[in-house]
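Trainee: So here's data06.txt (compact mmCIF, N, CA and C atoms and all ligand atoms).
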# COMPACT_ATOMS: atom_id res chain seq x y z
N MET Q 263 8.68 2.31 -45.69
CA MET Q 263 7.98 3.51 -45.21
C MET Q 263 6.68 3.12 -44.50
N SER Q 264 5.90 2.26 -45.13
CA SER Q 264 4.64 1.87 -44.49
C SER Q 264 4.93 1.05 -43.24
N GLU Q 265 6.05 0.38 -43.28
CA GLU Q 265 6.43 -0.40 -42.09
C GLU Q 265 6.69 0.52 -40.91
N GLN Q 266 7.31 1.65 -41.24
CA GLN Q 266 7.59 2.64 -40.18
C GLN Q 266 6.30 3.19 -39.61
N VAL Q 267 5.33 3.46 -40.49
CA VAL Q 267 4.05 4.01 -40.04
C VAL Q 267 3.35 3.01 -39.13
N SER Q 268 3.34 1.74 -39.53
CA SER Q 268 2.63 0.76 -38.70
C SER Q 268 3.34 0.54 -37.38
N LEU Q 269 4.66 0.71 -37.40
CA LEU Q 269 5.41 0.60 -36.14
C LEU Q 269 5.00 1.73 -35.20
N LYS Q 270 4.90 2.92 -35.78
CA LYS Q 270 4.49 4.08 -34.98
C LYS Q 270 3.09 3.85 -34.43
N LYS Q 271 2.23 3.31 -35.27
CA LYS Q 271 0.85 3.05 -34.88
C LYS Q 271 0.83 2.04 -33.72
N ALA Q 272 1.60 0.99 -33.89
CA ALA Q 272 1.65 -0.05 -32.86
C ALA Q 272 2.15 0.54 -31.54
N ALA Q 273 3.16 1.40 -31.66
CA ALA Q 273 3.73 2.01 -30.46
C ALA Q 273 2.69 2.88 -29.76
N SER Q 274 1.91 3.63 -30.54
CA SER Q 274 0.94 4.51 -29.89
C SER Q 274 -0.21 3.70 -29.30
N TYR Q 275 -0.60 2.61 -29.95
CA TYR Q 275 -1.62 1.73 -29.36
C TYR Q 275 -1.12 1.16 -28.04
N PHE Q 276 0.13 0.77 -28.05
CA PHE Q 276 0.72 0.19 -26.86
C PHE Q 276 0.72 1.21 -25.71
N PHE Q 277 1.07 2.43 -26.06
CA PHE Q 277 1.09 3.50 -25.05
C PHE Q 277 -0.30 3.73 -24.48
N ILE Q 278 -1.31 3.76 -25.36
CA ILE Q 278 -2.69 3.98 -24.91
C ILE Q 278 -3.11 2.83 -23.99
N PHE Q 279 -2.73 1.63 -24.36
CA PHE Q 279 -3.05 0.43 -23.57
C PHE Q 279 -2.48 0.55 -22.16
N ILE Q 280 -1.22 0.92 -22.08
CA ILE Q 280 -0.56 1.08 -20.78
C ILE Q 280 -1.24 2.18 -19.97
N ALA Q 281 -1.55 3.29 -20.64
CA ALA Q 281 -2.19 4.42 -19.96
C ALA Q 281 -3.54 3.98 -19.39
N LEU Q 282 -4.28 3.16 -20.14
CA LEU Q 282 -5.58 2.66 -19.68
C LEU Q 282 -5.41 1.80 -18.44
N ILE Q 283 -4.42 0.94 -18.45
CA ILE Q 283 -4.20 0.06 -17.31
C ILE Q 283 -3.91 0.88 -16.05
N PHE Q 284 -3.04 1.88 -16.20
CA PHE Q 284 -2.74 2.72 -15.05
C PHE Q 284 -3.98 3.48 -14.60
N GLY Q 285 -4.78 3.92 -15.58
CA GLY Q 285 -6.02 4.63 -15.27
C GLY Q 285 -6.95 3.77 -14.45
N VAL Q 286 -7.10 2.51 -14.84
CA VAL Q 286 -7.99 1.59 -14.13
C VAL Q 286 -7.51 1.38 -12.70
N PHE Q 287 -6.22 1.17 -12.53
CA PHE Q 287 -5.67 0.97 -11.19
C PHE Q 287 -5.91 2.21 -10.33
N TYR Q 288 -5.72 3.37 -10.93
CA TYR Q 288 -5.88 4.62 -10.19
C TYR Q 288 -7.33 4.77 -9.73
N VAL Q 289 -8.26 4.59 -10.66
CA VAL Q 289 -9.68 4.74 -10.34
C VAL Q 289 -10.09 3.70 -9.30
N LYS Q 290 -9.64 2.48 -9.48
CA LYS Q 290 -9.99 1.41 -8.57
C LYS Q 290 -9.48 1.71 -7.16
N GLY Q 291 -8.27 2.23 -7.09
CA GLY Q 291 -7.69 2.60 -5.80
C GLY Q 291 -8.56 3.64 -5.09
N ASN Q 292 -8.99 4.63 -5.84
CA ASN Q 292 -9.81 5.69 -5.26
C ASN Q 292 -11.18 5.15 -4.86
N PHE Q 293 -11.72 4.28 -5.70
CA PHE Q 293 -13.04 3.71 -5.45
C PHE Q 293 -13.02 2.90 -4.15
N LEU Q 294 -12.01 2.06 -4.02
CA LEU Q 294 -11.87 1.25 -2.81
C LEU Q 294 -11.70 2.17 -1.60
N GLY Q 295 -10.99 3.26 -1.82
CA GLY Q 295 -10.75 4.21 -0.74
C GLY Q 295 -12.05 4.71 -0.15
N ASN Q 296 -13.00 5.04 -1.00
CA ASN Q 296 -14.27 5.54 -0.51
C ASN Q 296 -15.01 4.50 0.32
N ASN Q 297 -14.90 3.26 -0.10
CA ASN Q 297 -15.62 2.20 0.59
C ASN Q 297 -15.01 1.88 1.95
N LEU Q 298 -13.73 2.08 2.07
CA LEU Q 298 -13.04 1.57 3.25
C LEU Q 298 -12.72 2.64 4.28
N THR Q 299 -13.10 3.87 4.00
CA THR Q 299 -12.76 4.95 4.91
C THR Q 299 -13.26 4.68 6.32
N ASN Q 300 -14.49 4.16 6.42
CA ASN Q 300 -15.08 3.94 7.74
C ASN Q 300 -14.38 2.80 8.47
N ASN Q 301 -14.07 1.74 7.75
CA ASN Q 301 -13.37 0.61 8.35
C ASN Q 301 -12.05 1.06 8.95
N ALA Q 302 -11.42 1.97 8.24
CA ALA Q 302 -10.08 2.39 8.60
C ALA Q 302 -10.03 2.91 10.03
N VAL Q 303 -11.05 3.64 10.42
CA VAL Q 303 -11.05 4.25 11.75
C VAL Q 303 -10.97 3.16 12.82
N LEU Q 304 -11.64 2.04 12.57
CA LEU Q 304 -11.66 0.94 13.53
C LEU Q 304 -10.27 0.35 13.74
N ASN Q 305 -9.43 0.48 12.73
CA ASN Q 305 -8.11 -0.14 12.81
C ASN Q 305 -7.10 0.68 13.59
N GLU Q 306 -7.49 1.87 13.96
CA GLU Q 306 -6.52 2.72 14.62
C GLU Q 306 -6.51 2.44 16.12
N VAL Q 307 -5.32 2.30 16.64
CA VAL Q 307 -5.18 1.98 18.06
C VAL Q 307 -4.32 3.04 18.74
N GLN Q 308 -4.47 3.14 20.04
CA GLN Q 308 -3.68 4.10 20.81
C GLN Q 308 -2.37 3.44 21.23
N PRO Q 309 -1.36 4.25 21.48
CA PRO Q 309 -0.10 3.69 21.98
C PRO Q 309 -0.34 2.99 23.32
N SER Q 310 0.51 2.05 23.64
CA SER Q 310 0.37 1.33 24.90
C SER Q 310 0.60 2.29 26.06
N GLU Q 311 0.28 1.84 27.27
CA GLU Q 311 0.37 2.71 28.45
C GLU Q 311 1.79 3.24 28.64
N SER Q 312 2.76 2.41 28.31
CA SER Q 312 4.15 2.85 28.47
C SER Q 312 4.52 3.89 27.41
N GLY Q 313 3.65 4.07 26.44
CA GLY Q 313 3.89 5.06 25.39
C GLY Q 313 4.73 4.54 24.24
N ASP Q 314 5.05 3.25 24.30
CA ASP Q 314 5.87 2.69 23.22
C ASP Q 314 5.07 2.57 21.92
N VAL Q 315 5.65 3.06 20.87
CA VAL Q 315 5.06 2.88 19.54
C VAL Q 315 6.21 2.61 18.58
N GLN Q 316 6.01 1.65 17.72
CA GLN Q 316 7.03 1.35 16.72
C GLN Q 316 6.63 2.08 15.44
N ILE Q 317 7.41 3.06 15.08
CA ILE Q 317 7.05 3.88 13.92
C ILE Q 317 7.81 3.40 12.69
N ILE Q 318 7.05 3.11 11.64
CA ILE Q 318 7.65 2.66 10.39
C ILE Q 318 7.22 3.62 9.28
N ASN Q 319 8.20 4.12 8.56
CA ASN Q 319 7.89 4.97 7.42
C ASN Q 319 7.86 4.11 6.17
N LEU Q 320 6.70 4.11 5.50
CA LEU Q 320 6.53 3.26 4.32
C LEU Q 320 6.43 4.14 3.07
N GLY Q 321 7.31 3.85 2.11
CA GLY Q 321 7.30 4.59 0.86
C GLY Q 321 7.19 3.64 -0.32
N PHE Q 322 7.55 4.15 -1.47
CA PHE Q 322 7.47 3.38 -2.71
C PHE Q 322 8.81 3.51 -3.43
N LYS Q 323 9.37 2.34 -3.81
CA LYS Q 323 10.68 2.35 -4.47
C LYS Q 323 10.80 1.07 -5.29
N GLY Q 324 11.34 1.17 -6.48
CA GLY Q 324 11.55 -0.02 -7.30
C GLY Q 324 10.28 -0.81 -7.54
N PHE Q 325 9.18 -0.09 -7.81
CA PHE Q 325 7.88 -0.71 -8.12
C PHE Q 325 7.30 -1.52 -6.96
N ASN Q 326 7.72 -1.21 -5.73
CA ASN Q 326 7.12 -1.91 -4.60
C ASN Q 326 7.18 -1.01 -3.36
N TYR Q 327 6.54 -1.51 -2.31
CA TYR Q 327 6.62 -0.78 -1.05
C TYR Q 327 8.07 -0.81 -0.56
N ASP Q 328 8.44 0.23 0.15
CA ASP Q 328 9.79 0.35 0.69
C ASP Q 328 9.69 0.81 2.14
N PRO Q 329 10.06 0.02 3.13
CA PRO Q 329 10.69 -1.31 3.01
C PRO Q 329 9.67 -2.40 2.70
N GLU Q 330 10.18 -3.47 2.08
CA GLU Q 330 9.33 -4.63 1.79
C GLU Q 330 9.21 -5.52 3.01
N ILE Q 331 10.20 -5.44 3.88
CA ILE Q 331 10.17 -6.25 5.09
C ILE Q 331 10.16 -5.32 6.30
N ILE Q 332 9.12 -5.47 7.10
CA ILE Q 332 8.96 -4.63 8.29
C ILE Q 332 9.09 -5.53 9.51
N ARG Q 333 10.08 -5.24 10.34
CA ARG Q 333 10.32 -6.05 11.54
C ARG Q 333 9.80 -5.31 12.75
N VAL Q 334 8.91 -5.95 13.50
CA VAL Q 334 8.36 -5.29 14.68
C VAL Q 334 8.39 -6.23 15.88
N LYS Q 335 8.26 -5.60 17.07
CA LYS Q 335 8.23 -6.38 18.31
C LYS Q 335 6.79 -6.77 18.61
N TYR Q 336 6.66 -7.98 19.07
CA TYR Q 336 5.38 -8.54 19.47
C TYR Q 336 4.69 -7.68 20.52
N ASN Q 337 3.40 -7.44 20.30
CA ASN Q 337 2.53 -6.77 21.29
C ASN Q 337 2.85 -5.31 21.57
N VAL Q 338 3.72 -4.70 20.80
CA VAL Q 338 3.98 -3.27 20.94
C VAL Q 338 3.31 -2.57 19.75
N PRO Q 339 2.48 -1.56 20.02
CA PRO Q 339 1.75 -0.90 18.93
C PRO Q 339 2.66 -0.47 17.77
N VAL Q 340 2.15 -0.66 16.58
CA VAL Q 340 2.88 -0.32 15.36
C VAL Q 340 2.16 0.84 14.69
N ARG Q 341 2.93 1.82 14.28
CA ARG Q 341 2.37 2.93 13.53
C ARG Q 341 3.10 3.01 12.20
N ILE Q 342 2.37 2.72 11.13
CA ILE Q 342 2.96 2.81 9.79
C ILE Q 342 2.56 4.16 9.20
N VAL Q 343 3.56 4.97 8.93
CA VAL Q 343 3.32 6.29 8.35
C VAL Q 343 3.62 6.19 6.86
N VAL Q 344 2.59 6.35 6.05
CA VAL Q 344 2.73 6.14 4.61
C VAL Q 344 3.05 7.46 3.91
N ASP Q 345 4.08 7.43 3.11
CA ASP Q 345 4.48 8.60 2.32
C ASP Q 345 3.61 8.65 1.07
N THR Q 346 2.55 9.46 1.13
CA THR Q 346 1.61 9.50 -0.01
C THR Q 346 2.18 10.29 -1.19
N ASN Q 347 3.36 10.87 -1.02
CA ASN Q 347 4.00 11.50 -2.18
C ASN Q 347 4.58 10.44 -3.11
N THR Q 348 4.92 9.28 -2.57
CA THR Q 348 5.48 8.23 -3.42
C THR Q 348 4.53 7.03 -3.55
N VAL Q 349 3.74 6.76 -2.52
CA VAL Q 349 2.78 5.66 -2.58
C VAL Q 349 1.49 6.20 -3.18
N ARG Q 350 1.14 5.68 -4.37
CA ARG Q 350 0.01 6.25 -5.11
C ARG Q 350 -0.89 5.17 -5.71
N GLY Q 351 -2.03 5.62 -6.24
CA GLY Q 351 -2.95 4.71 -6.92
C GLY Q 351 -3.41 3.60 -6.01
N CYS Q 352 -3.48 2.39 -6.55
CA CYS Q 352 -4.01 1.28 -5.76
C CYS Q 352 -3.06 0.90 -4.63
N MET Q 353 -1.81 1.35 -4.72
CA MET Q 353 -0.85 1.06 -3.64
C MET Q 353 -1.25 1.74 -2.33
N THR Q 354 -2.14 2.74 -2.42
CA THR Q 354 -2.56 3.43 -1.19
C THR Q 354 -3.56 2.59 -0.40
N ASN Q 355 -4.10 1.56 -1.02
CA ASN Q 355 -4.98 0.65 -0.28
C ASN Q 355 -4.12 -0.48 0.26
N ILE Q 356 -3.85 -0.42 1.54
CA ILE Q 356 -2.91 -1.35 2.17
C ILE Q 356 -3.68 -2.36 3.00
N ASN Q 357 -3.40 -3.63 2.72
CA ASN Q 357 -4.11 -4.72 3.37
C ASN Q 357 -3.14 -5.57 4.19
N ILE Q 358 -3.51 -5.79 5.45
CA ILE Q 358 -2.75 -6.70 6.32
C ILE Q 358 -3.78 -7.66 6.90
N PRO Q 359 -4.13 -8.69 6.14
CA PRO Q 359 -5.25 -9.56 6.53
C PRO Q 359 -5.08 -10.17 7.92
N ALA Q 360 -3.85 -10.52 8.29
CA ALA Q 360 -3.62 -11.18 9.58
C ALA Q 360 -4.09 -10.32 10.75
N PHE Q 361 -4.10 -8.99 10.55
CA PHE Q 361 -4.51 -8.10 11.64
C PHE Q 361 -5.78 -7.33 11.28
N GLY Q 362 -6.51 -7.86 10.29
CA GLY Q 362 -7.81 -7.29 9.93
C GLY Q 362 -7.75 -5.87 9.38
N ILE Q 363 -6.64 -5.56 8.73
CA ILE Q 363 -6.49 -4.19 8.24
C ILE Q 363 -6.64 -4.10 6.73
N SER Q 364 -7.50 -3.17 6.32
CA SER Q 364 -7.62 -2.80 4.92
C SER Q 364 -7.92 -1.32 4.92
N LYS Q 365 -6.90 -0.55 4.61
CA LYS Q 365 -7.08 0.90 4.71
C LYS Q 365 -6.50 1.61 3.49
N THR Q 366 -7.24 2.59 3.01
CA THR Q 366 -6.72 3.44 1.96
C THR Q 366 -6.23 4.72 2.59
N VAL Q 367 -4.94 4.94 2.47
CA VAL Q 367 -4.38 6.15 3.05
C VAL Q 367 -4.54 7.32 2.09
N THR Q 368 -4.65 8.50 2.67
CA THR Q 368 -4.69 9.72 1.88
C THR Q 368 -3.65 10.67 2.47
N LYS Q 369 -3.49 11.81 1.80
CA LYS Q 369 -2.51 12.78 2.27
C LYS Q 369 -2.77 13.17 3.73
N ASN Q 370 -4.04 13.31 4.09
CA ASN Q 370 -4.39 13.76 5.44
C ASN Q 370 -4.71 12.64 6.41
N ASN Q 371 -4.70 11.40 5.91
CA ASN Q 371 -5.00 10.25 6.76
C ASN Q 371 -4.08 9.12 6.29
N ASN Q 372 -2.81 9.27 6.64
CA ASN Q 372 -1.78 8.40 6.07
C ASN Q 372 -1.14 7.48 7.10
N ILE Q 373 -1.89 7.22 8.18
CA ILE Q 373 -1.32 6.41 9.26
C ILE Q 373 -2.13 5.14 9.46
N ILE Q 374 -1.43 4.02 9.59
CA ILE Q 374 -2.06 2.74 9.88
C ILE Q 374 -1.51 2.29 11.22
N GLU Q 375 -2.41 2.00 12.15
CA GLU Q 375 -1.95 1.57 13.47
C GLU Q 375 -2.60 0.25 13.86
N PHE Q 376 -1.82 -0.58 14.47
CA PHE Q 376 -2.35 -1.85 14.99
C PHE Q 376 -1.38 -2.40 16.02
N ILE Q 377 -1.87 -3.39 16.78
CA ILE Q 377 -1.00 -4.07 17.73
C ILE Q 377 -0.71 -5.47 17.19
N PRO Q 378 0.57 -5.80 16.99
CA PRO Q 378 0.90 -7.13 16.46
C PRO Q 378 0.76 -8.19 17.56
N THR Q 379 -0.43 -8.78 17.62
CA THR Q 379 -0.76 -9.71 18.70
C THR Q 379 -0.42 -11.16 18.36
N LYS Q 380 0.23 -11.35 17.21
CA LYS Q 380 0.64 -12.70 16.81
C LYS Q 380 2.09 -12.65 16.36
N LYS Q 381 2.84 -13.69 16.69
CA LYS Q 381 4.22 -13.75 16.19
C LYS Q 381 4.24 -14.50 14.87
N GLY Q 382 5.16 -14.11 14.00
CA GLY Q 382 5.27 -14.81 12.72
C GLY Q 382 5.49 -13.83 11.58
N THR Q 383 5.35 -14.32 10.36
CA THR Q 383 5.53 -13.51 9.16
C THR Q 383 4.18 -13.35 8.49
N PHE Q 384 3.79 -12.10 8.31
CA PHE Q 384 2.46 -11.81 7.77
C PHE Q 384 2.57 -10.90 6.56
N LYS Q 385 1.78 -11.22 5.55
CA LYS Q 385 1.83 -10.49 4.29
C LYS Q 385 1.09 -9.16 4.38
N PHE Q 386 1.62 -8.17 3.71
CA PHE Q 386 0.81 -6.97 3.45
C PHE Q 386 0.90 -6.67 1.97
N SER Q 387 -0.18 -6.10 1.41
CA SER Q 387 -0.19 -5.87 -0.03
C SER Q 387 -1.27 -4.88 -0.43
N CYS Q 388 -1.16 -4.43 -1.67
CA CYS Q 388 -2.23 -3.66 -2.29
C CYS Q 388 -3.29 -4.66 -2.76
N PRO Q 389 -4.46 -4.18 -3.20
CA PRO Q 389 -5.55 -5.12 -3.53
C PRO Q 389 -5.17 -6.16 -4.59
N MET Q 390 -4.35 -5.78 -5.56
CA MET Q 390 -4.03 -6.71 -6.65
C MET Q 390 -2.73 -7.46 -6.38
N GLY Q 391 -2.09 -7.17 -5.28
CA GLY Q 391 -0.85 -7.85 -4.97
C GLY Q 391 0.33 -7.40 -5.82
N MET Q 392 0.20 -6.25 -6.47
CA MET Q 392 1.33 -5.71 -7.25
C MET Q 392 2.41 -5.25 -6.29
N GLY Q 393 1.93 -4.59 -5.24
CA GLY Q 393 2.84 -4.17 -4.18
C GLY Q 393 2.65 -5.13 -3.02
N THR Q 394 3.75 -5.70 -2.56
CA THR Q 394 3.60 -6.69 -1.48
C THR Q 394 4.85 -6.75 -0.62
N GLY Q 395 4.66 -7.14 0.63
CA GLY Q 395 5.78 -7.26 1.54
C GLY Q 395 5.39 -8.09 2.74
N ASN Q 396 6.31 -8.19 3.69
CA ASN Q 396 6.06 -8.99 4.88
C ASN Q 396 6.29 -8.19 6.15
N ILE Q 397 5.42 -8.44 7.12
CA ILE Q 397 5.63 -7.90 8.45
C ILE Q 397 6.08 -9.07 9.32
N ILE Q 398 7.26 -8.94 9.90
CA ILE Q 398 7.78 -10.01 10.75
C ILE Q 398 7.64 -9.57 12.20
N VAL Q 399 6.84 -10.31 12.93
CA VAL Q 399 6.61 -10.00 14.34
C VAL Q 399 7.44 -10.95 15.19
N GLU Q 400 8.33 -10.37 16.01
CA GLU Q 400 9.26 -11.19 16.80
C GLU Q 400 9.13 -10.90 18.29
CU CU N 501 -2.09 -2.70 -6.70
Would you encode the structure as structure tokens?
Mentor:
Amino acid sequence: MSEQVSLKKAASYFFIFIALIFGVFYVKGNFLGNNLTNNAVLNEVQPSESGDVQIINLGFKGFNYDPEIIRVKYNVPVRIVVDTNTVRGCMTNINIPAFGISKTVTKNNNIIEFIPTKKGTFKFSCPMGMGTGNIIVE
């Protein structure tokens, strides 16, 4: 009987622990968001003269960004439209270091734009690297 009680206790401690971790990630995501709002504007680019834009819809699936691999054409503007209904918490802070991007998307500002001026495979991730993927520029 006492064993059952301590099991229940352990389970509830575990649950609180997990809830705290998620809470920290959520707060941290929002905190970073406030700091990076201004930077984000600098990262936005206009479509090329020909009007070509590569539109990628980015969501969240299986504990990671979906798609994890984004294939784009070299030198053609990329517009990543983030589904903030599924991408949440710290995952909303999206970093693409190779192209100088660190932006926290919100419901009303959920677009990341840049021109892939380098060919190769480049990482994108949330601040802690929980969510991560590759942008392949060809
Ligand atoms: Cu994260």
Trainee: Any idea what's packed within 5 Å of Q:Tyr336, counting all atoms listed in the file, ignoring anything in its chain fewer than 5 positions away? Could you give it as a ChimeraX atom specification?
Mentor: /Q:378,399-400
Trainee: Smallest atom-to-atom distance to Q:Ile332: which of Q:Val367, Q:Ile373, Q:Val344, Q:Ile318, using only C-alpha atoms?
Mentor: Q:Ile318
Trainee: Just how far from atom CA of Q:Val349 is atom CU of ligand CU 501 (chain N), in Å to one decimal?
Mentor: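 That distance, rounded to one decimal, is 10.5 Å.
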Trainee: One number please: atom CA of Q:Glu375 to atom CA of Q:Gly395, in Å, one decimal.
Mentor: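 Computed distance, atom CA of Q:Glu375 to atom CA of Q:Gly395, equals 16.7 Å.
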Trainee: Please tabulate, as a Markdown table, the residues of chain Q that come within 6.5 Å of ligand CU 501 (chain N), each with its closest pair of atoms and the distance in Å to one decimal, counting only N, CA and C atoms and all ligand atoms and ordering rows by chain, then residue number upward.
Mentor:
| residue | atom | partner | partner_atom | distance |
| --- | --- | --- | --- | --- |
| Q:Gly351 | C | N:CU501 | CU | 6.5 |
| Q:Cys352 | C | N:CU501 | CU | 4.3 |
| Q:Met353 | N | N:CU501 | CU | 4.5 |
| Q:Cys388 | CA | N:CU501 | CU | 4.5 |
| Q:Pro389 | N | N:CU501 | CU | 4.5 |
| Q:Met390 | N | N:CU501 | CU | 4.0 |
| Q:Gly391 | N | N:CU501 | CU | 4.7 |
| Q:Met392 | N | N:CU501 | CU | 4.2 |
| Q:Gly393 | N | N:CU501 | CU | 4.7 |
Trainee: How many Å separate atom CA of Q:Lys270 from atom CA of Q:Phe325?
Mentor: 27.5 Å
Trainee: Please give the complete set of residues from stretch 354-392 of chain Q that DSSP, run on the backbone, assigns to strand (DSSP E or B), formatted as a list in words.
Mentor: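 Matching residues for strand (DSSP E or B) in stretch 354-392 of chain Q are Asn355, Ile356, Asn357, Ile358, Ile363, Ser364, Lys365, Thr366, Thr368, Asn371, Ile373, Ile374, Glu375, Phe376, Gly382, Thr383, Phe384, Lys385, Phe386 and Ser387 of chain Q.
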Trainee: Pull the neighbourhood of (-3.0, 11.4, 6.2) for me: all residues within 9 Å in file coordinates, counting only C-alpha atoms, as a ChimeraX atom specification.
Mentor: /Q:343-346,367-373
Trainee: Write a file of the just-selected residues containing N, CA and C atoms, as a CSV table (one decimal), in the frame of the given file.
Mentor:
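The resulting file, out30.csv, is shown below:
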chain,number,residue,atom,x,y,z
Q,343,VAL,N,3.6,5.0,8.9
Q,343,VAL,CA,3.3,6.3,8.4
Q,343,VAL,C,3.6,6.2,6.9
Q,344,VAL,N,2.6,6.4,6.0
Q,344,VAL,CA,2.7,6.1,4.6
Q,344,VAL,C,3.0,7.5,3.9
Q,345,ASP,N,4.1,7.4,3.1
Q,345,ASP,CA,4.5,8.6,2.3
Q,345,ASP,C,3.6,8.6,1.1
Q,346,THR,N,2.6,9.5,1.1
Q,346,THR,CA,1.6,9.5,0.0
Q,346,THR,C,2.2,10.3,-1.2
Q,367,VAL,N,-4.9,4.9,2.5
Q,367,VAL,CA,-4.4,6.2,3.0
Q,367,VAL,C,-4.5,7.3,2.1
Q,368,THR,N,-4.6,8.5,2.7
Q,368,THR,CA,-4.7,9.7,1.9
Q,368,THR,C,-3.6,10.7,2.5
Q,369,LYS,N,-3.5,11.8,1.8
Q,369,LYS,CA,-2.5,12.8,2.3
Q,369,LYS,C,-2.8,13.2,3.7
Q,370,ASN,N,-4.0,13.3,4.1
Q,370,ASN,CA,-4.4,13.8,5.4
Q,370,ASN,C,-4.7,12.6,6.4
Q,371,ASN,N,-4.7,11.4,5.9
Q,371,ASN,CA,-5.0,10.2,6.8
Q,371,ASN,C,-4.1,9.1,6.3
Q,372,ASN,N,-2.8,9.3,6.6
Q,372,ASN,CA,-1.8,8.4,6.1
Q,372,ASN,C,-1.1,7.5,7.1
Q,373,ILE,N,-1.9,7.2,8.2
Q,373,ILE,CA,-1.3,6.4,9.3
Q,373,ILE,C,-2.1,5.1,9.5
Trainee: Of the residues Q:Lys381, Q:Phe376, Q:Ser387, Q:Lys271, which is the one nearest to Q:Thr354, using all atoms listed in the file?
Mentor: Q:Ser387
Trainee: Go through Q:Thr394, Q:Asn337, Q:Phe386, Q:Asn326 one by one, measure the shortest atom-to-atom distance of each to Q:Pro359 using all atoms listed in the file, and give the residue with the smallest value.
Mentor: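 Among the listed residues, the smallest separation from Q:Pro359 belongs to Q:Phe386.
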Trainee: With only C-alpha atoms as the basis for distance, which of Q:Val315, Q:Val338, Q:Ile363, Q:Ile398 is at the shortest distance from Q:Ile377?
Mentor: Q:Val338
